[in-house]
Structures are given as C-alpha cells and as structure tokens.
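Structure file my_file_7.txt with compact mmCIF, C-alpha atoms and all ligand atoms:
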```txt
# COMPACT_ATOMS: atom_id res chain seq x y z
CA MET R 1 -27.88 73.19 -45.77
CA TRP R 2 -29.07 74.68 -49.05
CA LYS R 3 -28.10 71.48 -50.84
CA GLU R 4 -30.17 69.46 -48.37
CA ILE R 5 -33.22 71.68 -48.88
CA VAL R 6 -32.92 71.30 -52.64
CA ALA R 7 -32.49 67.53 -52.32
CA GLU R 8 -35.53 67.32 -50.03
CA ALA R 9 -37.66 69.43 -52.34
CA LYS R 10 -36.62 67.25 -55.25
CA GLN R 11 -37.54 64.12 -53.32
CA LYS R 12 -40.96 65.57 -52.44
CA SER R 13 -41.71 66.44 -56.04
CA VAL R 14 -40.93 62.96 -57.38
CA LYS R 15 -43.89 62.03 -59.50
CA PHE R 16 -45.28 58.60 -60.35
CA ASP R 17 -48.69 58.73 -61.98
CA PHE R 18 -50.35 55.86 -63.72
CA THR R 19 -53.57 55.26 -65.60
CA ILE R 20 -55.27 51.97 -66.36
CA LEU R 21 -55.86 52.37 -70.09
CA GLY R 22 -57.56 49.00 -70.38
CA SER R 23 -58.69 46.41 -67.84
CA GLY R 24 -60.21 43.81 -70.14
CA THR R 25 -59.46 40.34 -71.37
CA SER R 26 -58.23 39.59 -74.89
CA GLN R 27 -61.71 39.98 -76.45
CA GLY R 28 -62.60 43.08 -74.45
CA VAL R 29 -65.93 43.51 -72.67
CA PRO R 30 -68.69 43.55 -73.88
CA ILE R 31 -67.79 40.58 -76.09
CA ILE R 32 -69.01 40.78 -79.68
CA GLY R 33 -72.41 39.12 -80.11
CA ALA R 34 -72.95 38.33 -76.40
CA GLU R 35 -76.11 39.25 -74.48
CA TYR R 36 -75.96 41.51 -71.43
CA SER R 37 -78.51 43.01 -69.08
CA SER R 38 -79.18 46.72 -69.42
CA GLU R 39 -77.91 47.15 -65.82
CA PHE R 40 -74.56 45.58 -66.75
CA LEU R 41 -74.15 47.75 -69.82
CA ALA R 42 -75.22 50.92 -67.98
CA ASN R 43 -72.10 50.79 -65.80
CA PRO R 44 -69.05 52.25 -67.61
CA LYS R 45 -66.81 50.15 -65.34
CA ASN R 46 -68.12 47.03 -67.11
CA HIS R 47 -66.82 48.31 -70.45
CA ARG R 48 -63.28 46.99 -70.60
CA THR R 49 -60.81 47.64 -73.39
CA ARG R 50 -57.72 45.46 -73.70
CA SER R 51 -55.13 45.54 -70.89
CA SER R 52 -52.62 48.37 -70.88
CA VAL R 53 -51.19 51.01 -68.56
CA TYR R 54 -49.74 54.50 -69.02
CA ILE R 55 -47.06 55.65 -66.58
CA GLU R 56 -45.75 59.16 -66.17
CA THR R 57 -42.81 60.21 -63.97
CA ASN R 58 -40.70 63.36 -63.89
CA GLU R 59 -38.38 61.87 -66.48
CA ILE R 60 -40.32 59.43 -68.64
CA ARG R 61 -43.78 58.71 -70.03
CA PHE R 62 -44.45 55.24 -71.37
CA LEU R 63 -46.99 52.55 -72.16
CA ILE R 64 -47.04 48.95 -71.07
CA ASP R 65 -48.22 47.13 -74.23
CA THR R 66 -50.00 48.53 -77.26
CA THR R 67 -53.46 47.02 -77.53
CA PRO R 68 -55.82 47.00 -80.54
CA ASP R 69 -57.69 49.70 -78.55
CA LEU R 70 -54.61 51.93 -78.20
CA ARG R 71 -55.90 54.77 -80.37
CA THR R 72 -59.21 54.92 -78.46
CA GLN R 73 -57.44 54.70 -75.11
CA VAL R 74 -54.91 57.43 -75.88
CA LEU R 75 -57.57 59.81 -77.22
CA ARG R 76 -59.84 59.10 -74.24
CA GLU R 77 -57.07 59.95 -71.76
CA ASN R 78 -55.72 62.86 -73.81
CA ILE R 79 -52.20 61.34 -73.82
CA ARG R 80 -49.95 63.50 -75.97
CA HIS R 81 -46.51 62.17 -75.13
CA VAL R 82 -45.06 58.66 -75.11
CA ASP R 83 -41.29 58.32 -74.77
CA ALA R 84 -41.10 54.50 -74.79
CA ILE R 85 -43.08 51.27 -74.79
CA LEU R 86 -42.60 48.17 -72.65
CA PHE R 87 -43.97 44.85 -73.84
CA THR R 88 -45.10 41.97 -71.66
CA HIS R 89 -45.50 39.47 -74.54
CA SER R 90 -46.70 39.23 -78.11
CA HIS R 91 -50.29 37.99 -77.95
CA ALA R 92 -52.44 40.03 -80.32
CA ASP R 93 -54.26 41.90 -77.56
CA HIS R 94 -50.93 43.33 -76.38
CA ILE R 95 -49.20 44.36 -79.60
CA MET R 96 -51.74 45.20 -82.30
CA GLY R 97 -51.88 48.94 -81.61
CA LEU R 98 -48.18 49.53 -82.15
CA ASP R 99 -48.46 51.19 -85.55
CA ASP R 100 -50.65 53.93 -84.05
CA CYS R 101 -47.56 55.04 -82.11
CA ARG R 102 -46.34 56.64 -85.33
CA ARG R 103 -47.80 59.88 -83.96
CA PHE R 104 -45.41 59.74 -81.02
CA CYS R 105 -42.45 59.38 -83.40
CA SER R 106 -43.63 62.60 -85.05
CA ILE R 107 -44.41 64.42 -81.79
CA ASN R 108 -41.00 63.44 -80.37
CA GLY R 109 -39.24 65.31 -83.16
CA HIS R 110 -39.45 62.70 -85.92
CA ARG R 111 -37.43 60.09 -84.12
CA PRO R 112 -37.69 56.31 -83.70
CA LEU R 113 -39.59 55.25 -80.57
CA PRO R 114 -37.69 53.10 -78.03
CA ILE R 115 -39.43 49.77 -77.47
CA TYR R 116 -38.42 47.30 -74.75
CA ALA R 117 -39.20 43.58 -74.97
CA ASN R 118 -37.53 40.26 -74.31
CA GLN R 119 -35.90 38.52 -77.22
CA LYS R 120 -38.87 36.29 -78.05
CA THR R 121 -41.36 39.17 -78.07
CA MET R 122 -38.98 41.36 -80.06
CA ARG R 123 -38.65 38.62 -82.66
CA ASP R 124 -42.44 38.46 -83.00
CA LEU R 125 -42.67 42.25 -83.25
CA GLU R 126 -40.03 42.22 -85.98
CA ARG R 127 -42.08 39.66 -87.88
CA VAL R 128 -45.45 41.39 -87.51
CA TYR R 129 -44.10 44.91 -88.10
CA ARG R 130 -41.37 43.96 -90.54
CA TYR R 131 -42.01 47.00 -92.72
CA ALA R 132 -41.29 49.29 -89.78
CA PHE R 133 -38.21 47.48 -88.51
CA GLU R 134 -36.61 47.10 -91.92
CA SER R 135 -37.39 50.37 -93.65
CA PRO R 136 -35.38 53.53 -93.13
CA PHE R 137 -37.08 56.16 -90.99
CA ILE R 138 -39.72 58.02 -92.97
CA ARG R 139 -41.42 61.06 -91.48
CA GLY R 140 -45.00 60.31 -90.45
CA TYR R 141 -44.53 56.55 -90.20
CA PHE R 142 -43.78 54.28 -87.28
CA LYS R 143 -40.15 53.42 -86.59
CA PRO R 144 -39.08 51.39 -83.54
CA GLU R 145 -35.77 51.61 -81.70
CA PRO R 146 -35.46 48.09 -80.24
CA HIS R 147 -34.06 47.42 -76.75
CA VAL R 148 -33.92 43.75 -75.74
CA ILE R 149 -34.67 43.12 -72.06
CA ASP R 150 -32.30 40.55 -70.54
CA GLY R 151 -32.25 41.69 -66.91
CA PRO R 152 -32.99 44.72 -64.72
CA PHE R 153 -32.70 48.00 -66.56
CA SER R 154 -33.36 51.72 -66.16
CA MET R 155 -35.73 54.04 -67.96
CA GLY R 156 -35.68 57.70 -66.93
CA ASP R 157 -35.79 57.81 -63.13
CA LEU R 158 -37.10 54.24 -62.85
CA LYS R 159 -35.35 50.98 -62.14
CA ILE R 160 -37.29 48.15 -63.74
CA ILE R 161 -36.95 44.53 -62.67
CA PRO R 162 -38.39 42.00 -65.12
CA PHE R 163 -39.62 38.49 -64.22
CA ASP R 164 -40.35 35.58 -66.51
CA GLN R 165 -43.94 34.45 -66.02
CA GLU R 166 -45.86 31.29 -66.91
CA HIS R 167 -48.41 32.15 -69.60
CA GLY R 168 -49.32 29.13 -71.72
CA SER R 169 -46.79 28.21 -74.39
CA MET R 170 -45.78 31.83 -74.84
CA GLY R 171 -44.69 33.07 -71.43
CA SER R 172 -44.67 36.74 -70.53
CA LEU R 173 -42.77 39.34 -68.53
CA GLY R 174 -43.91 40.90 -65.27
CA PHE R 175 -42.30 44.09 -63.98
CA VAL R 176 -41.51 45.80 -60.70
CA PHE R 177 -40.94 49.55 -60.95
CA GLU R 178 -38.74 51.29 -58.39
CA GLN R 179 -38.25 55.03 -58.11
CA ALA R 180 -35.94 56.83 -55.70
CA GLY R 181 -35.71 53.71 -53.51
CA LYS R 182 -39.49 53.21 -53.38
CA LYS R 183 -41.25 50.17 -54.78
CA ARG R 184 -43.96 51.89 -56.78
CA LEU R 185 -45.72 49.29 -58.89
CA ALA R 186 -45.71 45.56 -59.59
CA TYR R 187 -47.35 44.70 -62.90
CA TYR R 188 -48.00 40.95 -63.10
CA ASN R 189 -50.47 40.52 -65.92
CA ASP R 190 -51.04 37.61 -68.29
CA CYS R 191 -49.62 35.04 -65.91
CA LYS R 192 -50.71 31.72 -64.46
CA LYS R 193 -48.96 32.44 -61.18
CA VAL R 194 -46.65 34.87 -59.44
CA SER R 195 -43.34 33.13 -58.75
CA LYS R 196 -41.55 33.27 -55.41
CA PRO R 197 -38.85 35.70 -56.63
CA ALA R 198 -41.51 37.93 -58.19
CA THR R 199 -43.52 37.85 -54.95
CA GLU R 200 -40.47 38.71 -52.86
CA ALA R 201 -39.43 41.52 -55.19
CA ALA R 202 -42.91 43.04 -54.92
CA GLU R 203 -43.25 42.79 -51.12
CA GLY R 204 -44.23 46.16 -49.71
CA VAL R 205 -44.96 47.65 -53.15
CA GLN R 206 -47.39 50.56 -53.18
CA VAL R 207 -49.63 49.12 -55.90
CA ALA R 208 -49.82 45.66 -57.46
CA VAL R 209 -51.73 45.06 -60.70
CA LEU R 210 -52.58 41.37 -61.03
CA ASP R 211 -54.15 39.18 -63.69
CA ALA R 212 -57.50 37.86 -62.37
CA LEU R 213 -59.12 36.71 -65.61
CA ARG R 214 -62.23 35.01 -64.23
CA PRO R 215 -63.44 32.95 -61.26
CA MET R 216 -63.07 29.61 -63.10
CA GLU R 217 -59.86 27.76 -63.85
CA HIS R 218 -57.85 28.77 -66.93
CA PRO R 219 -54.61 27.21 -68.19
CA SER R 220 -52.67 30.44 -68.70
CA HIS R 221 -54.27 33.10 -66.48
CA MET R 222 -54.83 33.42 -62.73
CA THR R 223 -58.33 32.87 -61.43
CA LEU R 224 -59.82 35.25 -58.89
CA ASP R 225 -58.74 32.96 -56.03
CA GLU R 226 -55.21 32.62 -57.41
CA ALA R 227 -54.94 36.38 -57.79
CA LEU R 228 -56.21 36.96 -54.24
CA THR R 229 -53.65 34.47 -52.90
CA ALA R 230 -50.87 36.28 -54.78
CA ALA R 231 -52.22 39.62 -53.50
CA ARG R 232 -52.11 38.39 -49.90
CA ARG R 233 -48.52 37.19 -50.27
CA ILE R 234 -47.35 40.43 -51.88
CA GLY R 235 -49.18 42.65 -49.39
CA ALA R 236 -49.31 45.74 -51.59
CA GLY R 237 -50.83 48.96 -50.31
CA GLU R 238 -53.48 48.48 -52.97
CA THR R 239 -54.10 45.65 -55.43
CA LEU R 240 -55.87 46.19 -58.74
CA LEU R 241 -57.26 43.15 -60.54
CA THR R 242 -57.08 43.31 -64.32
CA HIS R 243 -57.47 41.39 -67.62
CA LEU R 244 -61.09 40.87 -66.58
CA THR R 245 -63.76 38.93 -68.48
CA ASP R 246 -67.49 39.62 -68.50
CA PHE R 247 -67.97 37.14 -65.64
CA TYR R 248 -67.43 40.11 -63.35
CA ASP R 249 -70.01 42.81 -62.82
CA HIS R 250 -67.92 45.59 -61.29
CA ASP R 251 -70.37 46.85 -58.68
CA ARG R 252 -72.01 43.52 -57.87
CA ASP R 253 -68.74 41.65 -57.34
CA SER R 254 -66.69 44.41 -55.71
CA ALA R 255 -68.45 43.82 -52.40
CA ASP R 256 -66.88 40.35 -52.15
CA LEU R 257 -63.28 41.54 -52.46
CA PRO R 258 -60.99 41.85 -49.45
CA GLU R 259 -59.92 45.25 -48.17
CA SER R 260 -57.38 47.06 -50.38
CA VAL R 261 -58.24 44.90 -53.42
CA ILE R 262 -60.38 46.33 -56.20
CA PHE R 263 -61.32 45.54 -59.78
CA ALA R 264 -59.42 47.79 -62.14
CA TYR R 265 -61.49 49.74 -64.63
CA ASP R 266 -60.66 51.77 -67.71
CA GLY R 267 -59.54 55.26 -66.81
CA LEU R 268 -58.61 54.46 -63.18
CA LYS R 269 -55.76 56.74 -62.07
CA ARG R 270 -53.37 56.78 -59.19
CA THR R 271 -50.76 59.32 -58.13
CA LEU R 272 -48.14 57.70 -55.90
CA THR R 273 -46.27 59.86 -53.42
ZN ZN B 301 -51.56 36.85 -73.24
```
Once you've parsed the file, please lay out its structure as structure tokens.
Amino acid sequence: MWKEIVAEAKQKSVKFDFTILGSGTSQGVPIIGAEYSSEFLANPKNHRTRSSVYIETNEIRFLIDTTPDLRTQVLRENIRHVDAILFTHSHADHIMGLDDCRRFCSINGHRPLPIYANQKTMRDLERVYRYAFESPFIRGYFKPEPHVIDGPFSMGDLKIIPFDQEHGSMGSLGFVFEQAGKKRLAYYNDCKKVSKPATEAAEGVQVAVLDALRPMEHPSHMTLDEALTAARRIGAGETLLTHLTDFYDHDRDSADLPESVIFAYDGLKRTLT
C-alpha cells in the first residue's frame, strides 16, 4: 500500500516544462534593414529570435539547438542550468551559439557538456568548433562530450525517438519526447514535410511544434498550409507553429488559425501534466 502511494505521488509530480526560446526564421524578425509598421513592431510577439527550445524535467534540463541568439535567450529566461544539448541539424541558425555554453560546463562542475546529434551534424560541429573538440578540457572554456544519435535513446527520464526529415540538401532530425509512458512533445522543425512514421509516432502527443515558415511555397520548409495539414494528421492537444518569417503578424493572423493551433512566440511556456 505504502509503495503504491509513493509510486502514485511520484507519478503526479512528474514534471515536463518547456519554453520557446526562439520562434523565428534563420534571419530572425525583424529582418535587418527591412521596413515595418509601428503597429507590427509594437507587438513583442512579432520579435522572433532564432528557433530553439528549453526543456526541463525532474531529471534533465536541455536545449534543442544553440542559436546565434542563445546568450540573449538564456539571459532573458534566466536559465541557469543546461545538462545537455540536442541538435536538429547544422545550419548556422541552429549551431552558432554553442560556444556560449561554456558557462554551463563551468556551472556543472567544470565538466564537458553532453551534445547529441546525428553523425552528419556532429561532423559539422567538429569542423566548426574544432578547437573545442580537439583541445583538452580547460576550465572556463567550452568542451563538448559527443553522443551520436543513431536511433531512439534516453536522456534522464525521457525516451527520445528521432526521425530523419527532408530539409533541402542537408536534412534534419525531428524528435518525439516520451516521459513515463506519455507522449509529451513532438518537435518537427526545419522540415519540408512530416513523414508517415513521424506522424504516427506523434499521434496523440500533448504538444506538437511544427515548422510553418511562411504562407508561400519554400523548397525546404513547410508552408502554413503544409503545417496545418501535418497538425491535423497528428492531432496534438496543442500545436505551436514556429520558424516564422515576418510574413506573419502574430495578432492579425492568429484569428485565421484553427482551434488548438497557435503561432509560437519567444518566451511561450507550457507545463505538461
Ligand atoms: Zn535549417
């Protein structure tokens, strides 16, 4: 009996919190040198840093991607602990903040930081951050601990299922996160479509985050219509559209979205129970 009460209490206290650190396309929004109305700029939800997410459970705290805006994002959200990083792919807008994670090496007791990526992305990271991969660990500097993703894996109390995605000539990884038998989050960003296996794996997920770059066709990202089709097939409790360009005005265009679908914005938080 006592054991059951403890087990139940433990189940109830399972925590899965996530924050949209950035909801913007590769250039961010506003785009350098572009003209905007004062109404557009007055809405903080139209200010989009590059796409990234922070996830916190009882056992692990990690980032998906390290954008060029990482330092700003982490300071804004007062994030003090990162135990690991997951990479979707190696386009500049997803990897260029990695060196700023040196602080987390220090905070974690002067230890290398585990980073998870598929082989292709890891190779690119090794090339871009060669000094960090090759040098011995030096206090105060960034040092990665590489983990190559080649199938489902575990991190803390999460089971993570990766999916290869179409994304131009590069490709990318999408992820489904499961915790204590619950499908918590599907993160399908930087993709031209959501494959059948990825759709099936995400069915019934609590939250889906989907690439919805812009309304018009693009060779390596989903359009709004493509994202809405994927959202319908997945049937998540809530769908957040991300990697957004300045074609969207958050408040103006939100009215046209179906129920349970919203535009992500920087700083959006969810606690899943
Ligand atoms: Zn990309």
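Neighbours of Val29 (chain R) closer than or equal to 8 Å, with only C-alpha atoms counted and sequence neighbours fewer than 6 positions away skipped, come out as Asn46, His47, Arg48, Thr49, Thr245 and Asp246 of chain R.
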What do you get as a VMD selection string if you pick all residues at most 8 Å from ligand ZN 301 (chain B), counting all atoms listed in the file?
chain R and resid 26 89 to 94 167 170 172 190 to 191 220
Quick one: pull the distance between CA of Leu21 (chain R) and CA of Arg139 (chain R), Å, one decimal.
27.2 Å
Shortest interatomic distance to Phe18 (chain R) - which of R:Ala230, R:Ile160, R:Leu63, R:Leu173, counting all atoms listed in the file
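Using all atoms listed in the file, Phe18 (chain R) sits closest to R:Leu63.
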At what distance in Å, to one decimal, does CA of Thr273 (chain R) lie from CA of Ala180 (chain R)?
11.0 Å
For region 56-60 of chain R, list every protein, DNA or RNA residue within 6 Å, evaluated using only C-alpha atoms, and leave out those in the same chain fewer than 3 positions away; present the list as a PyMOL selection string.
chain R and resi 15-17+156-157
Shell around Gly22 (chain R) at 10 Å using only C-alpha atoms, local window under 6 positions removed, as a PDB file with C-alpha atoms, in the coordinates of the input:
```
ATOM      1  CA  GLY R  28     -62.600  43.080 -74.450  1.00  0.00           C
ATOM      2  CA  HIS R  47     -66.820  48.310 -70.450  1.00  0.00           C
ATOM      3  CA  ARG R  48     -63.280  46.990 -70.600  1.00  0.00           C
ATOM      4  CA  THR R  49     -60.810  47.640 -73.390  1.00  0.00           C
ATOM      5  CA  ARG R  50     -57.720  45.460 -73.700  1.00  0.00           C
ATOM      6  CA  SER R  51     -55.130  45.540 -70.890  1.00  0.00           C
ATOM      7  CA  SER R  52     -52.620  48.370 -70.880  1.00  0.00           C
ATOM      8  CA  VAL R  53     -51.190  51.010 -68.560  1.00  0.00           C
ATOM      9  CA  TYR R  54     -49.740  54.500 -69.020  1.00  0.00           C
ATOM     10  CA  THR R  67     -53.460  47.020 -77.530  1.00  0.00           C
ATOM     11  CA  ASP R  69     -57.690  49.700 -78.550  1.00  0.00           C
ATOM     12  CA  LEU R  70     -54.610  51.930 -78.200  1.00  0.00           C
ATOM     13  CA  GLN R  73     -57.440  54.700 -75.110  1.00  0.00           C
ATOM     14  CA  THR R 242     -57.080  43.310 -64.320  1.00  0.00           C
ATOM     15  CA  HIS R 243     -57.470  41.390 -67.620  1.00  0.00           C
ATOM     16  CA  LEU R 244     -61.090  40.870 -66.580  1.00  0.00           C
ATOM     17  CA  ALA R 264     -59.420  47.790 -62.140  1.00  0.00           C
ATOM     18  CA  TYR R 265     -61.490  49.740 -64.630  1.00  0.00           C
ATOM     19  CA  ASP R 266     -60.660  51.770 -67.710  1.00  0.00           C
ATOM     20  CA  GLY R 267     -59.540  55.260 -66.810  1.00  0.00           C
ATOM     21  CA  LEU R 268     -58.610  54.460 -63.180  1.00  0.00           C
TER      22      LEU R 268
END
```
Choose the residue, out of R:Phe40, R:Tyr116, R:Phe104, R:Phe62, that has the smallest atom-to-atom separation from Arg252 (chain R); count all atoms listed in the file.
R:Phe40
Counting all atoms listed in the file, the residue of R:Leu228, R:Leu185, R:Met222, R:Met216 that sits nearest Gly168 (chain R)
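When distances to Gly168 (chain R) are compared using all atoms listed in the file, the smallest one comes from R:Met222.
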Residue with the minimum atom-to-atom distance to Tyr131 (chain R), picked from R:Asp150, R:Glu39, R:Asp99, R:Asp256 with all atoms listed in the file counted, is R:Asp99
Nearest to Thr25 (chain R) by atom-to-atom distance, counting only C-alpha atoms, from R:Ala227, R:Leu213, R:Met155, R:Met122
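So, comparing all the options, the nearest one is R:Leu213.
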Mind working out the centre and edge lengths of an axis-aligned box for region 72-84 of chain R, all listed atoms inside, 4 Å added to each side, rounded to one decimal in Å and written as AutoDock Vina command-line options?
```
--center_x -50.5 --center_y 59.0 --center_z -75.1 --size_x 26.7 --size_y 17.0 --size_z 14.7
```
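Minimum atom-to-atom distances from R:Tyr36, R:Phe247, R:Ile161, R:Ile20 to Val74 (chain R) were compared using all atoms listed in the file, and the lowest value belongs to R:Ile20.
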For the atom pair CA of Thr199 (chain R) and CA of Ile85 (chain R), what is the interatomic distance in Å to one decimal place?
24.0 Å
